[in-house]
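Source file: final-v1.cif (mmCIF, C-alpha atoms and all ligand atoms)
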data_upload
#
loop_
_atom_site.label_atom_id
_atom_site.label_comp_id
_atom_site.auth_asym_id
_atom_site.auth_seq_id
_atom_site.Cartn_x
_atom_site.Cartn_y
_atom_site.Cartn_z
CA MET L 141 -0.75 -132.11 97.17
CA LYS L 142 -1.87 -135.63 98.10
CA ILE L 143 -3.54 -137.28 101.07
CA VAL L 144 -1.03 -139.74 102.53
CA ASP L 145 -2.79 -140.85 105.73
CA ALA L 146 -6.04 -140.51 107.67
CA ARG L 147 -6.51 -141.48 111.29
CA VAL L 148 -9.80 -142.16 113.08
CA ILE L 149 -9.45 -141.15 116.72
CA VAL L 150 -11.96 -142.28 119.36
CA THR L 151 -11.71 -140.56 122.72
CA CYS L 152 -13.90 -140.16 125.80
CA PRO L 153 -12.95 -137.05 127.81
CA GLY L 154 -16.21 -137.37 129.75
CA ARG L 155 -18.19 -138.40 126.66
CA ASN L 156 -17.33 -140.20 123.42
CA PHE L 157 -16.10 -138.39 120.31
CA VAL L 158 -14.97 -139.77 116.94
CA THR L 159 -12.61 -137.54 114.96
CA LEU L 160 -11.02 -137.94 111.54
CA LYS L 161 -7.61 -136.40 110.94
CA ILE L 162 -6.41 -136.24 107.32
CA ILE L 163 -2.68 -135.86 106.67
CA THR L 164 -1.14 -134.62 103.41
CA ASP L 165 2.29 -135.15 101.87
CA GLU L 166 3.10 -131.47 102.53
CA GLY L 167 2.39 -131.83 106.24
CA VAL L 168 -0.87 -129.86 106.22
CA THR L 169 -3.56 -131.63 108.26
CA GLY L 170 -7.32 -131.24 108.67
CA VAL L 171 -9.88 -132.48 111.19
CA GLY L 172 -13.53 -133.50 110.94
CA ASP L 173 -16.07 -134.57 113.57
CA ALA L 174 -17.68 -138.02 113.04
CA THR L 175 -19.50 -138.44 116.37
CA LEU L 176 -22.90 -140.20 116.30
CA ASN L 177 -24.13 -140.38 119.88
CA GLY L 178 -24.69 -143.97 121.03
CA ARG L 179 -23.58 -145.46 117.67
CA GLU L 180 -20.00 -144.13 117.61
CA LEU L 181 -18.16 -147.29 116.61
CA ALA L 182 -20.31 -147.82 113.50
CA VAL L 183 -18.98 -144.54 112.07
CA GLU L 184 -15.45 -145.34 113.23
CA SER L 185 -15.56 -148.63 111.29
CA TYR L 186 -17.23 -147.01 108.25
CA LEU L 187 -14.40 -144.51 108.08
CA ARG L 188 -11.49 -146.78 108.96
CA ASP L 189 -12.58 -149.85 106.96
CA HIS L 190 -14.41 -148.29 104.01
CA VAL L 191 -13.40 -144.64 103.53
CA VAL L 192 -9.77 -144.13 104.57
CA PRO L 193 -8.49 -146.58 101.89
CA LEU L 194 -10.30 -144.47 99.25
CA LEU L 195 -8.69 -141.22 100.45
CA ILE L 196 -5.06 -142.22 100.14
CA GLY L 197 -3.48 -140.57 97.10
CA ARG L 198 -6.41 -138.19 96.45
CA ASP L 199 -5.94 -134.44 95.94
CA PRO L 200 -7.36 -132.76 99.10
CA ALA L 201 -8.30 -129.66 97.05
CA ARG L 202 -11.09 -131.60 95.29
CA ILE L 203 -13.73 -131.27 98.01
CA GLU L 204 -16.83 -131.51 95.80
CA ASP L 205 -15.50 -134.44 93.80
CA THR L 206 -14.56 -136.31 96.97
CA TRP L 207 -18.04 -135.66 98.41
CA GLN L 208 -19.72 -137.03 95.27
CA TYR L 209 -17.29 -139.96 95.16
CA LEU L 210 -18.19 -141.00 98.71
CA TYR L 211 -21.94 -140.30 98.34
CA GLN L 212 -22.66 -141.66 94.88
CA GLY L 213 -19.77 -144.10 94.95
CA ALA L 214 -21.09 -146.04 97.95
CA TYR L 215 -24.24 -146.87 95.93
CA TRP L 216 -26.06 -146.99 99.35
CA ARG L 217 -27.12 -143.40 99.98
CA ARG L 218 -28.04 -141.30 103.00
CA GLY L 219 -28.40 -142.49 106.61
CA PRO L 220 -26.72 -141.13 109.75
CA VAL L 221 -23.67 -143.43 109.66
CA THR L 222 -22.83 -142.74 106.02
CA MET L 223 -23.52 -139.02 106.24
CA SER L 224 -21.50 -138.57 109.46
CA ALA L 225 -18.54 -140.31 107.81
CA ILE L 226 -18.82 -138.15 104.68
CA ALA L 227 -19.17 -135.08 106.93
CA ALA L 228 -15.91 -135.89 108.69
CA VAL L 229 -14.01 -136.10 105.39
CA ASP L 230 -15.65 -132.96 104.01
CA THR L 231 -14.97 -130.94 107.17
CA ALA L 232 -11.32 -132.01 107.24
CA LEU L 233 -10.88 -131.06 103.57
CA TRP L 234 -12.32 -127.56 104.17
CA ASP L 235 -9.92 -127.22 107.10
CA ILE L 236 -7.00 -128.16 104.83
CA LYS L 237 -8.18 -125.80 102.06
CA GLY L 238 -8.33 -122.93 104.52
CA LYS L 239 -4.86 -123.64 105.85
CA VAL L 240 -3.43 -123.90 102.33
CA ALA L 241 -5.09 -120.58 101.37
CA GLY L 242 -4.09 -118.94 104.67
CA LEU L 243 -7.76 -117.99 105.24
CA PRO L 244 -10.43 -118.88 107.77
CA VAL L 245 -13.04 -121.17 106.20
CA TYR L 246 -15.74 -118.48 106.49
CA ASP L 247 -13.74 -116.39 104.00
CA LEU L 248 -13.82 -119.28 101.54
CA LEU L 249 -17.62 -119.37 101.99
CA GLY L 250 -18.04 -115.73 100.98
CA GLY L 251 -16.86 -113.90 104.07
CA ARG L 252 -18.60 -112.71 107.21
CA SER L 253 -22.24 -111.66 107.03
CA ARG L 254 -22.35 -110.61 110.70
CA THR L 255 -20.00 -109.71 113.54
CA GLY L 256 -20.82 -112.63 115.83
CA VAL L 257 -22.93 -115.79 116.04
CA THR L 258 -25.88 -115.39 118.42
CA VAL L 259 -26.16 -118.47 120.63
CA TYR L 260 -28.73 -119.83 123.03
CA GLY L 261 -28.07 -121.64 126.28
CA HIS L 262 -30.10 -124.23 128.18
CA ALA L 263 -31.83 -123.06 131.34
CA ASN L 264 -33.57 -125.93 133.09
CA GLY L 265 -34.93 -127.01 136.43
CA GLU L 266 -37.25 -129.42 138.17
CA THR L 267 -39.09 -126.52 139.81
CA MET L 268 -40.12 -123.01 138.80
CA ASP L 269 -37.73 -121.48 141.36
CA GLU L 270 -34.82 -123.44 139.93
CA ILE L 271 -35.73 -122.40 136.36
CA LEU L 272 -35.84 -118.69 137.28
CA VAL L 273 -32.37 -118.90 138.85
CA GLU L 274 -31.03 -120.62 135.73
CA VAL L 275 -32.55 -118.16 133.24
CA ALA L 276 -31.11 -115.30 135.29
CA ARG L 277 -27.70 -116.98 135.23
CA TYR L 278 -27.70 -117.15 131.42
CA LEU L 279 -28.80 -113.52 131.15
CA ASP L 280 -25.97 -112.55 133.52
CA LEU L 281 -23.56 -114.38 131.22
CA GLY L 282 -24.79 -112.15 128.37
CA TYR L 283 -27.02 -114.62 126.52
CA ARG L 284 -29.79 -113.05 124.43
CA ALA L 285 -31.62 -116.33 123.84
CA VAL L 286 -32.41 -119.09 126.33
CA ARG L 287 -33.97 -122.52 125.88
CA VAL L 288 -36.18 -123.37 128.85
CA GLN L 289 -36.84 -127.00 129.88
CA SER L 290 -38.91 -127.82 132.93
CA GLY L 291 -39.66 -130.75 135.16
CA VAL L 292 -43.28 -131.88 134.91
CA PRO L 293 -45.21 -132.69 138.12
CA GLY L 294 -45.84 -136.46 138.24
CA ILE L 295 -43.06 -137.35 135.76
CA PRO L 296 -39.85 -138.40 137.54
CA ARG L 297 -37.34 -137.39 134.82
CA THR L 298 -37.98 -135.07 131.90
CA TYR L 299 -35.84 -134.44 128.81
CA GLY L 300 -33.48 -131.50 129.20
CA VAL L 301 -33.54 -131.23 133.00
CA SER L 302 -30.18 -132.07 134.53
CA ALA L 303 -28.37 -131.90 137.84
CA ASP L 304 -25.21 -130.42 136.28
CA LYS L 305 -26.57 -127.25 134.70
CA MET L 306 -23.62 -126.29 132.49
CA PHE L 307 -22.73 -129.74 131.07
CA TYR L 308 -25.96 -131.59 130.27
CA GLU L 309 -25.16 -135.09 129.02
CA PRO L 310 -28.14 -137.34 128.28
CA ALA L 311 -26.10 -140.40 127.16
CA ASP L 312 -25.73 -141.40 130.78
CA ALA L 313 -25.39 -145.19 131.02
CA ALA L 314 -23.69 -148.26 129.48
CA LEU L 315 -27.17 -149.56 128.67
CA PRO L 316 -30.14 -147.23 127.97
CA THR L 317 -31.82 -145.69 131.00
CA GLU L 318 -35.65 -145.91 130.89
CA THR L 319 -37.72 -142.79 131.51
CA THR L 320 -41.50 -142.31 131.55
CA TRP L 321 -43.78 -139.82 129.87
CA SER L 322 -47.27 -138.36 130.06
CA THR L 323 -48.31 -136.00 127.28
CA GLU L 324 -51.35 -134.92 129.31
CA ARG L 325 -49.27 -133.79 132.28
CA TYR L 326 -46.71 -132.11 130.03
CA LEU L 327 -49.29 -130.10 128.05
CA ALA L 328 -51.04 -129.07 131.25
CA HIS L 329 -47.80 -127.74 132.78
CA VAL L 330 -45.56 -126.13 130.14
CA PRO L 331 -47.61 -122.98 129.37
CA SER L 332 -47.48 -121.93 133.03
CA VAL L 333 -43.66 -122.13 132.93
CA PHE L 334 -43.40 -119.73 130.00
CA ALA L 335 -46.04 -117.41 131.47
CA ARG L 336 -43.87 -117.06 134.56
CA VAL L 337 -40.54 -116.74 132.74
CA ARG L 338 -41.89 -114.07 130.36
CA ASP L 339 -43.45 -112.22 133.25
CA GLU L 340 -40.20 -112.31 135.24
CA PHE L 341 -37.72 -111.41 132.48
CA GLY L 342 -39.70 -109.18 130.11
CA PRO L 343 -40.04 -109.07 126.33
CA ASP L 344 -36.38 -108.80 125.26
CA VAL L 345 -35.01 -112.27 125.94
CA ARG L 346 -35.64 -114.76 123.17
CA LEU L 347 -37.22 -117.91 124.60
CA LEU L 348 -37.10 -121.38 123.07
CA HIS L 349 -38.38 -124.81 124.02
CA ASP L 350 -37.46 -128.34 122.87
CA VAL L 351 -40.35 -130.83 122.65
CA HIS L 352 -37.90 -133.57 121.59
CA HIS L 353 -40.29 -135.28 119.13
CA ARG L 354 -42.84 -136.25 121.79
CA LEU L 355 -46.17 -134.95 120.47
CA THR L 356 -48.57 -135.67 117.62
CA PRO L 357 -49.30 -132.83 115.18
CA ILE L 358 -52.59 -131.84 116.79
CA GLU L 359 -51.02 -131.93 120.28
CA ALA L 360 -48.16 -129.78 119.00
CA ALA L 361 -50.70 -127.39 117.49
CA ARG L 362 -52.35 -127.07 120.90
CA LEU L 363 -48.99 -126.45 122.59
CA GLY L 364 -48.01 -123.85 120.00
CA ARG L 365 -51.29 -122.03 120.39
CA SER L 366 -51.11 -122.06 124.19
CA LEU L 367 -47.59 -120.57 124.04
CA GLU L 368 -48.47 -117.75 121.62
CA PRO L 369 -48.96 -115.11 124.35
CA TYR L 370 -45.32 -115.61 125.46
CA GLY L 371 -43.77 -114.96 122.04
CA LEU L 372 -41.40 -117.91 121.76
CA THR L 373 -38.69 -117.78 119.09
CA TRP L 374 -39.45 -121.44 118.38
CA ILE L 375 -40.71 -124.76 119.59
CA GLU L 376 -38.22 -127.42 118.54
CA ASP L 377 -38.93 -130.89 117.17
CA PRO L 378 -42.64 -130.78 118.08
CA VAL L 379 -43.26 -134.14 116.35
CA PRO L 380 -41.15 -136.92 114.83
CA ALA L 381 -40.34 -135.49 111.40
CA GLU L 382 -40.41 -138.53 109.15
CA LEU L 383 -43.87 -137.38 108.00
CA PRO L 384 -43.33 -133.83 106.73
CA GLU L 385 -46.98 -133.31 105.76
CA GLY L 386 -47.88 -133.73 109.44
CA PHE L 387 -46.42 -130.25 110.00
CA ARG L 388 -49.28 -128.81 107.93
CA ILE L 389 -51.62 -129.56 110.83
CA ILE L 390 -49.40 -127.61 113.24
CA ARG L 391 -49.20 -124.68 110.81
CA GLN L 392 -52.98 -124.53 110.40
CA HIS L 393 -53.43 -123.81 114.10
CA THR L 394 -50.54 -121.76 115.48
CA THR L 395 -48.19 -118.89 114.72
CA THR L 396 -45.56 -120.14 117.18
CA PRO L 397 -42.47 -120.68 114.97
CA ILE L 398 -41.29 -124.24 114.38
CA ALA L 399 -37.70 -125.57 114.34
CA THR L 400 -36.68 -129.08 113.39
CA GLY L 401 -33.96 -131.18 111.80
CA GLU L 402 -31.37 -132.25 114.38
CA VAL L 403 -31.75 -135.91 113.34
CA PHE L 404 -31.86 -135.18 109.60
CA ASN L 405 -28.98 -136.34 107.40
CA THR L 406 -29.58 -134.93 103.92
CA ILE L 407 -31.34 -132.17 102.05
CA TRP L 408 -34.00 -134.73 101.11
CA ASP L 409 -35.10 -135.00 104.76
CA ALA L 410 -35.72 -131.25 104.84
CA ALA L 411 -36.80 -130.44 101.29
CA GLN L 412 -40.59 -130.69 101.65
CA LEU L 413 -40.63 -128.91 105.01
CA ILE L 414 -38.62 -126.06 103.49
CA ARG L 415 -40.39 -125.85 100.13
CA GLU L 416 -43.85 -125.78 101.73
CA GLN L 417 -42.66 -123.31 104.40
CA LEU L 418 -43.81 -125.69 107.13
CA ILE L 419 -40.88 -124.73 109.38
CA ASP L 420 -39.10 -121.51 110.30
CA TYR L 421 -35.69 -122.84 111.36
CA ILE L 422 -33.73 -125.80 110.02
CA ARG L 423 -31.61 -127.34 112.80
CA MET L 424 -29.29 -129.65 110.86
CA THR L 425 -25.62 -129.44 111.65
CA VAL L 426 -22.31 -130.24 110.00
CA VAL L 427 -21.46 -133.65 111.49
CA HIS L 428 -24.73 -135.45 110.78
CA SER L 429 -25.49 -133.76 107.46
CA GLY L 430 -22.63 -134.53 105.11
CA GLY L 431 -20.37 -131.68 106.18
CA ILE L 432 -20.01 -128.03 105.21
CA THR L 433 -20.55 -128.74 101.49
CA HIS L 434 -23.95 -130.38 101.93
CA LEU L 435 -25.21 -128.19 104.77
CA ARG L 436 -24.46 -125.08 102.73
CA ARG L 437 -26.76 -126.52 100.07
CA VAL L 438 -29.52 -127.04 102.68
CA PHE L 439 -29.14 -123.48 103.99
CA ASP L 440 -29.25 -122.06 100.45
CA LEU L 441 -32.51 -123.92 99.74
CA ALA L 442 -33.84 -122.67 103.08
CA ALA L 443 -32.91 -119.07 102.22
CA LEU L 444 -35.17 -119.20 99.17
CA HIS L 445 -38.15 -120.09 101.40
CA HIS L 446 -37.79 -117.72 104.37
CA VAL L 447 -36.32 -120.49 106.52
CA ARG L 448 -33.35 -119.64 108.71
CA SER L 449 -30.67 -121.82 110.32
CA GLY L 450 -30.84 -122.87 113.96
CA SER L 451 -28.08 -125.42 114.10
CA HIS L 452 -27.91 -128.20 116.64
CA GLY L 453 -25.04 -127.66 119.06
CA ALA L 454 -25.41 -130.18 121.87
CA THR L 455 -22.39 -131.57 123.74
CA ASP L 456 -22.34 -134.71 121.58
CA LEU L 457 -21.20 -132.55 118.66
CA SER L 458 -17.48 -132.12 119.23
CA PRO L 459 -15.64 -128.79 119.24
CA VAL L 460 -14.57 -129.69 115.68
CA CYS L 461 -18.22 -129.68 114.60
CA MET L 462 -18.89 -126.50 116.57
CA ALA L 463 -16.00 -124.74 114.83
CA ALA L 464 -17.26 -125.82 111.41
CA ALA L 465 -20.82 -124.76 112.29
CA LEU L 466 -19.59 -121.30 113.36
CA HIS L 467 -17.80 -120.71 110.05
CA LEU L 468 -21.07 -121.49 108.23
CA ASP L 469 -23.17 -119.49 110.71
CA ILE L 470 -21.12 -116.35 110.25
CA ALA L 471 -21.10 -116.60 106.44
CA ILE L 472 -24.64 -117.50 105.39
CA PRO L 473 -27.24 -114.77 104.80
CA ASN L 474 -30.09 -116.65 106.54
CA PHE L 475 -28.49 -117.44 109.89
CA GLY L 476 -30.99 -117.69 112.75
CA LEU L 477 -29.55 -118.99 116.02
CA GLN L 478 -26.85 -121.43 117.11
CA GLU L 479 -27.38 -123.83 120.00
CA TYR L 480 -24.44 -123.75 122.41
CA MET L 481 -24.04 -126.30 125.17
CA ARG L 482 -20.67 -125.89 126.77
CA HIS L 483 -18.16 -128.74 126.69
CA THR L 484 -16.33 -129.79 129.83
CA PRO L 485 -12.77 -128.50 130.42
CA GLU L 486 -11.48 -132.05 129.67
CA THR L 487 -13.13 -131.96 126.23
CA ASP L 488 -11.90 -128.43 125.53
CA ALA L 489 -8.34 -129.56 126.40
CA VAL L 490 -8.50 -132.49 123.94
CA PHE L 491 -9.78 -130.16 121.20
CA PRO L 492 -7.83 -126.85 121.37
CA HIS L 493 -9.86 -124.23 119.49
CA GLU L 494 -9.88 -120.60 118.43
CA TYR L 495 -13.63 -120.04 118.80
CA HIS L 496 -14.69 -118.18 121.89
CA TYR L 497 -17.78 -116.90 123.67
CA GLU L 498 -18.31 -113.24 124.43
CA ASP L 499 -21.43 -111.38 125.48
CA GLY L 500 -24.02 -113.71 123.94
CA TYR L 501 -22.03 -114.42 120.78
CA LEU L 502 -19.64 -117.11 119.64
CA HIS L 503 -16.81 -116.00 117.37
CA PRO L 504 -15.07 -118.52 115.09
CA GLY L 505 -11.70 -116.73 115.32
CA ASP L 506 -9.60 -115.87 112.27
CA ALA L 507 -7.02 -118.67 112.19
CA PRO L 508 -6.55 -120.28 108.75
CA GLY L 509 -8.86 -123.27 108.27
CA LEU L 510 -11.35 -124.08 111.03
CA GLY L 511 -9.15 -123.03 113.97
CA VAL L 512 -9.59 -126.31 115.83
CA ASP L 513 -7.41 -129.40 116.33
CA ILE L 514 -7.24 -132.62 118.29
CA ASP L 515 -4.44 -133.20 120.80
CA GLU L 516 -3.87 -136.89 120.08
CA ALA L 517 -1.73 -137.50 123.17
CA ALA L 518 -4.45 -136.03 125.38
CA ALA L 519 -7.14 -137.97 123.49
CA ALA L 520 -5.28 -141.26 124.09
CA ARG L 521 -5.69 -140.81 127.84
CA TYR L 522 -9.50 -141.25 127.55
CA PRO L 523 -10.51 -144.69 126.17
CA TYR L 524 -13.95 -145.26 124.62
CA ALA L 525 -16.71 -146.03 127.15
CA PRO L 526 -20.08 -147.34 125.88
CA ALA L 527 -22.89 -144.85 126.56
CA TYR L 528 -26.46 -144.80 125.27
CA LEU L 529 -29.18 -142.21 125.13
CA PRO L 530 -32.23 -143.09 127.27
CA VAL L 531 -35.40 -144.71 125.98
CA ASN L 532 -38.84 -143.48 126.98
CA ARG L 533 -42.13 -145.23 127.77
CA LEU L 534 -45.67 -144.13 128.46
CA THR L 535 -46.99 -145.01 131.91
CA ASP L 536 -48.58 -148.19 130.45
CA GLY L 537 -45.18 -149.33 129.14
CA THR L 538 -45.60 -148.36 125.46
CA LEU L 539 -42.35 -147.19 123.87
CA HIS L 540 -42.51 -143.45 123.06
CA PRO L 541 -39.98 -141.06 121.49
CA TRP L 542 -37.38 -140.04 124.08
O1 LIG E 601 -30.93 -134.83 122.76
O2 LIG E 601 -27.94 -134.17 120.94
O3 LIG E 601 -31.38 -129.70 121.07
N1 LIG E 601 -30.69 -130.52 121.53
C1 LIG E 601 -31.03 -131.82 121.71
C2 LIG E 601 -29.93 -132.71 122.22
C3 LIG E 601 -30.12 -134.17 121.82
C4 LIG E 601 -28.78 -134.85 121.80
C5 LIG E 601 -28.89 -136.31 121.35
O4 LIG E 601 -27.61 -136.88 121.21
O5 LIG E 601 -32.16 -132.19 121.48
O6 LIG E 601 -29.82 -132.58 123.62
CO CO E 602 -33.23 -130.72 120.32
#

Representation of the structure as structure tokens:
Amino acid sequence: MKIVDARVIVTCPGRNFVTLKIITDEGVTGVGDATLNGRELAVESYLRDHVVPLLIGRDPARIEDTWQYLYQGAYWRRGPVTMSAIAAVDTALWDIKGKVAGLPVYDLLGGRSRTGVTVYGHANGETMDEILVEVARYLDLGYRAVRVQSGVPGIPRTYGVSADKMFYEPADAALPTETTWSTERYLAHVPSVFARVRDEFGPDVRLLHDVHHRLTPIEAARLGRSLEPYGLTWIEDPVPAELPEGFRIIRQHTTTPIATGEVFNTIWDAAQLIREQLIDYIRMTVVHSGGITHLRRVFDLAALHHVRSGSHGATDLSPVCMAAALHLDIAIPNFGLQEYMRHTPETDAVFPHEYHYEDGYLHPGDAPGLGVDIDEAAAARYPYAPAYLPVNRLTDGTLHPW
């Protein structure tokens, strides 16, 4: 079998997605997500101009060799653009291998380790009353784990709080929106939110919170300690993670579990955090981390160090990425939680998929391959529209992580 064509499809059914579709001489096709929020066209060009010509004529069965060819062969290693492009190829090749074998990809990864993939949803609100309504809504839908994001008095717009509760989309403008931030106000407010939510909903629901890289290690340590009475499953991205040793400071002061990794691209970004057991959950996902092949390697390293998966699953990861993530989630021994932000009906129509939600779990389905496709005619109806993530400033104008 040979690869005879590969198409890079950019579509915007409400938000931008970049998808690679690989076509073989026997008519079997595979899809891979290549979406990098706010930098989509860089990956499109990387694939179209520099990767597709290398794929033509290759044997799609040689997944590992193709991965090494694209990674080592570029000479320039790592980085989100490169690793998203490699991920798209890798994901599409696993899809093809599954279809050729007549097996779902999770069976090629060793088979199911659990019956369903536990997911968490995003409850959020400007006010406490709004947050309580939203948490209750997720519990009614069957969720066992809920991420809670709250407005902060005195800060006009906070990360994770949205008007449309089911379809949060932060890339909201053709040029970046500017938001403001006060660590002091945030740290003074957040513990009271979790005190109330825990009090209202009891000990069973797993609660999570995303700090979105906004604190220093000692501030994160203080937050973690102040949240200990409410038994959070994790605080996410407490600090920017380029300095792994900074997490030692957090660890010295709090037993609140730590999750990080949604902006990581390779095992090298995560290796020290995992080896020193400075985190509890690694949140890398398929599209930004070199695909199923590389992420499996990360999860295996994590398993040796008591670190579980907690994969990123925001709306900017397409249903193709979500499908691939679910096949990994259901197969690996050290699965933790899967983030699940629902896509809009327009997006779901462009990407028909077998995976489905039921009673707090996502199920990958048992179709051969990944069980997801792109409807190219539907995709063509939604042309690319530039959209950026916001930027964030302190009240004195200093740029701060968004
Ligand atoms: O802001 O994916 O946990 N989820 C997140 C996301 C990220 C977006 C950025 O594109 O932090 O909402
Ligand atoms: Co996050």

Near-ligand residues for ligand LIG 601 (chain E), threshold 8 Å, only C-alpha atoms and all ligand atoms, as JSON, numbers by chain: {"L": [176, 177, 178, 299, 300, 308, 309, 310, 311, 350, 352, 376, 402, 452, 453, 454, 455, 456, 457, 479, 529]}

Point-to-point distance in Å for CA of Asp409 in chain L and CA of Thr395 in chain L: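 CA of Asp409 in chain L lies at a distance of 23.0 Å from CA of Thr395 in chain L.
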
Within 12 Å of ligand CO 602 (chain E) (all atoms listed in the file), residues as an mmCIF file with C-alpha atoms, in the frame of the given file:
data_model
loop_
_atom_site.group_PDB
_atom_site.id
_atom_site.type_symbol
_atom_site.label_atom_id
_atom_site.label_comp_id
_atom_site.auth_asym_id
_atom_site.auth_seq_id
_atom_site.Cartn_x
_atom_site.Cartn_y
_atom_site.Cartn_z
ATOM 1 C CA HIS L 262 -30.100 -124.230 128.180
ATOM 2 C CA ARG L 287 -33.970 -122.520 125.880
ATOM 3 C CA VAL L 288 -36.180 -123.370 128.850
ATOM 4 C CA GLN L 289 -36.840 -127.000 129.880
ATOM 5 C CA TYR L 299 -35.840 -134.440 128.810
ATOM 6 C CA GLY L 300 -33.480 -131.500 129.200
ATOM 7 C CA PRO L 310 -28.140 -137.340 128.280
ATOM 8 C CA LEU L 348 -37.100 -121.380 123.070
ATOM 9 C CA HIS L 349 -38.380 -124.810 124.020
ATOM 10 C CA ASP L 350 -37.460 -128.340 122.870
ATOM 11 C CA VAL L 351 -40.350 -130.830 122.650
ATOM 12 C CA HIS L 352 -37.900 -133.570 121.590
ATOM 13 C CA HIS L 353 -40.290 -135.280 119.130
ATOM 14 C CA ARG L 354 -42.840 -136.250 121.790
ATOM 15 C CA TRP L 374 -39.450 -121.440 118.380
ATOM 16 C CA ILE L 375 -40.710 -124.760 119.590
ATOM 17 C CA GLU L 376 -38.220 -127.420 118.540
ATOM 18 C CA ASP L 377 -38.930 -130.890 117.170
ATOM 19 C CA PRO L 378 -42.640 -130.780 118.080
ATOM 20 C CA VAL L 379 -43.260 -134.140 116.350
ATOM 21 C CA PRO L 380 -41.150 -136.920 114.830
ATOM 22 C CA ILE L 398 -41.290 -124.240 114.380
ATOM 23 C CA ALA L 399 -37.700 -125.570 114.340
ATOM 24 C CA THR L 400 -36.680 -129.080 113.390
ATOM 25 C CA GLY L 401 -33.960 -131.180 111.800
ATOM 26 C CA GLU L 402 -31.370 -132.250 114.380
ATOM 27 C CA VAL L 403 -31.750 -135.910 113.340
ATOM 28 C CA PHE L 404 -31.860 -135.180 109.600
ATOM 29 C CA ILE L 422 -33.730 -125.800 110.020
ATOM 30 C CA ARG L 423 -31.610 -127.340 112.800
ATOM 31 C CA MET L 424 -29.290 -129.650 110.860
ATOM 32 C CA THR L 425 -25.620 -129.440 111.650
ATOM 33 C CA GLY L 450 -30.840 -122.870 113.960
ATOM 34 C CA SER L 451 -28.080 -125.420 114.100
ATOM 35 C CA HIS L 452 -27.910 -128.200 116.640
ATOM 36 C CA GLY L 453 -25.040 -127.660 119.060
ATOM 37 C CA ALA L 454 -25.410 -130.180 121.870
ATOM 38 C CA THR L 455 -22.390 -131.570 123.740
ATOM 39 C CA ASP L 456 -22.340 -134.710 121.580
ATOM 40 C CA GLN L 478 -26.850 -121.430 117.110
ATOM 41 C CA GLU L 479 -27.380 -123.830 120.000
ATOM 42 C CA TYR L 480 -24.440 -123.750 122.410
ATOM 43 C CA MET L 481 -24.040 -126.300 125.170
ATOM 44 C CA TRP L 542 -37.380 -140.040 124.080
#

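The shortest atom-to-atom distance to Ile149 in chain L, with only C-alpha atoms taken into account, belongs to L:Thr175 out of L:Thr231, L:Thr317, L:Thr175, L:Thr169.
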
Gln417 in chain L environment, 8 Å, only C-alpha atoms, sequence neighbours closer than 3 positions dropped, as JSON, numbers by chain: {"L": [413, 414, 420, 445, 446, 447]}

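When only C-alpha atoms are used to measure the gap to Phe334 in chain L, the shortest distance among L:Gly371, L:Gly238, L:Pro316, L:Pro244 belongs to L:Gly371.
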
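Using all atoms listed in the file, the protein and nucleic acid residues lying no more than 8 Å from Val183 in chain L, apart from those fewer than 5 places from it along its own chain, are L:Val158, L:Ala174, L:Thr175, L:Leu176, L:Val221, L:Thr222, L:Ser224, L:Ala225.
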
Keeping C-alpha atoms, export the residues of the selection given above as a PDB file, in the frame of the given file.
ATOM      1  CA  VAL L 158     -14.970-139.770 116.940  1.00  0.00           C
ATOM      2  CA  ALA L 174     -17.680-138.020 113.040  1.00  0.00           C
ATOM      3  CA  THR L 175     -19.500-138.440 116.370  1.00  0.00           C
ATOM      4  CA  LEU L 176     -22.900-140.200 116.300  1.00  0.00           C
ATOM      5  CA  VAL L 221     -23.670-143.430 109.660  1.00  0.00           C
ATOM      6  CA  THR L 222     -22.830-142.740 106.020  1.00  0.00           C
ATOM      7  CA  SER L 224     -21.500-138.570 109.460  1.00  0.00           C
ATOM      8  CA  ALA L 225     -18.540-140.310 107.810  1.00  0.00           C
TER       9      ALA L 225
END

Residue among L:Ile358, L:Val292, L:Ala525, L:Leu279 lying closest to Asp499 in chain L, counting all atoms listed in the file: L:Leu279

Length of the CA of Gln412 in chain L to CA of Arg179 in chain L vector [Å]: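 Separating CA of Gln412 in chain L from CA of Arg179 in chain L is a distance of 27.6 Å.
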
Answer as a list of chain:residue names, residues within 7 Å of (-27.9, -135.8, 105.9) using only C-alpha atoms: L:Arg218, L:Gly219, L:Pro220, L:Met223, L:Phe404, L:Asn405, L:Thr406, L:Ile407, L:His428, L:Ser429, L:Gly430

Length of the CA of Gly251 in chain L to CA of Thr164 in chain L vector [Å]: 26.0 Å

Selected residue of minimal separation from Tyr522 in chain L among L:Val144, L:Asn156, L:Gly265, L:Thr298, counting all atoms listed in the file: L:Asn156

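Each of L:Ala276, L:Ala263, L:Ala471, L:Val333 was checked against Phe307 in chain L using only C-alpha atoms; the smallest atom-to-atom distance is that of L:Ala263.
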
Residue contacts of Ala201 in chain L (9 Å, all atoms listed in the file) excluding same-chain residues fewer than 5 positions away, as a list in words: Met141, Lys142, Leu233, Trp234, Ile236 and Lys237 of chain L
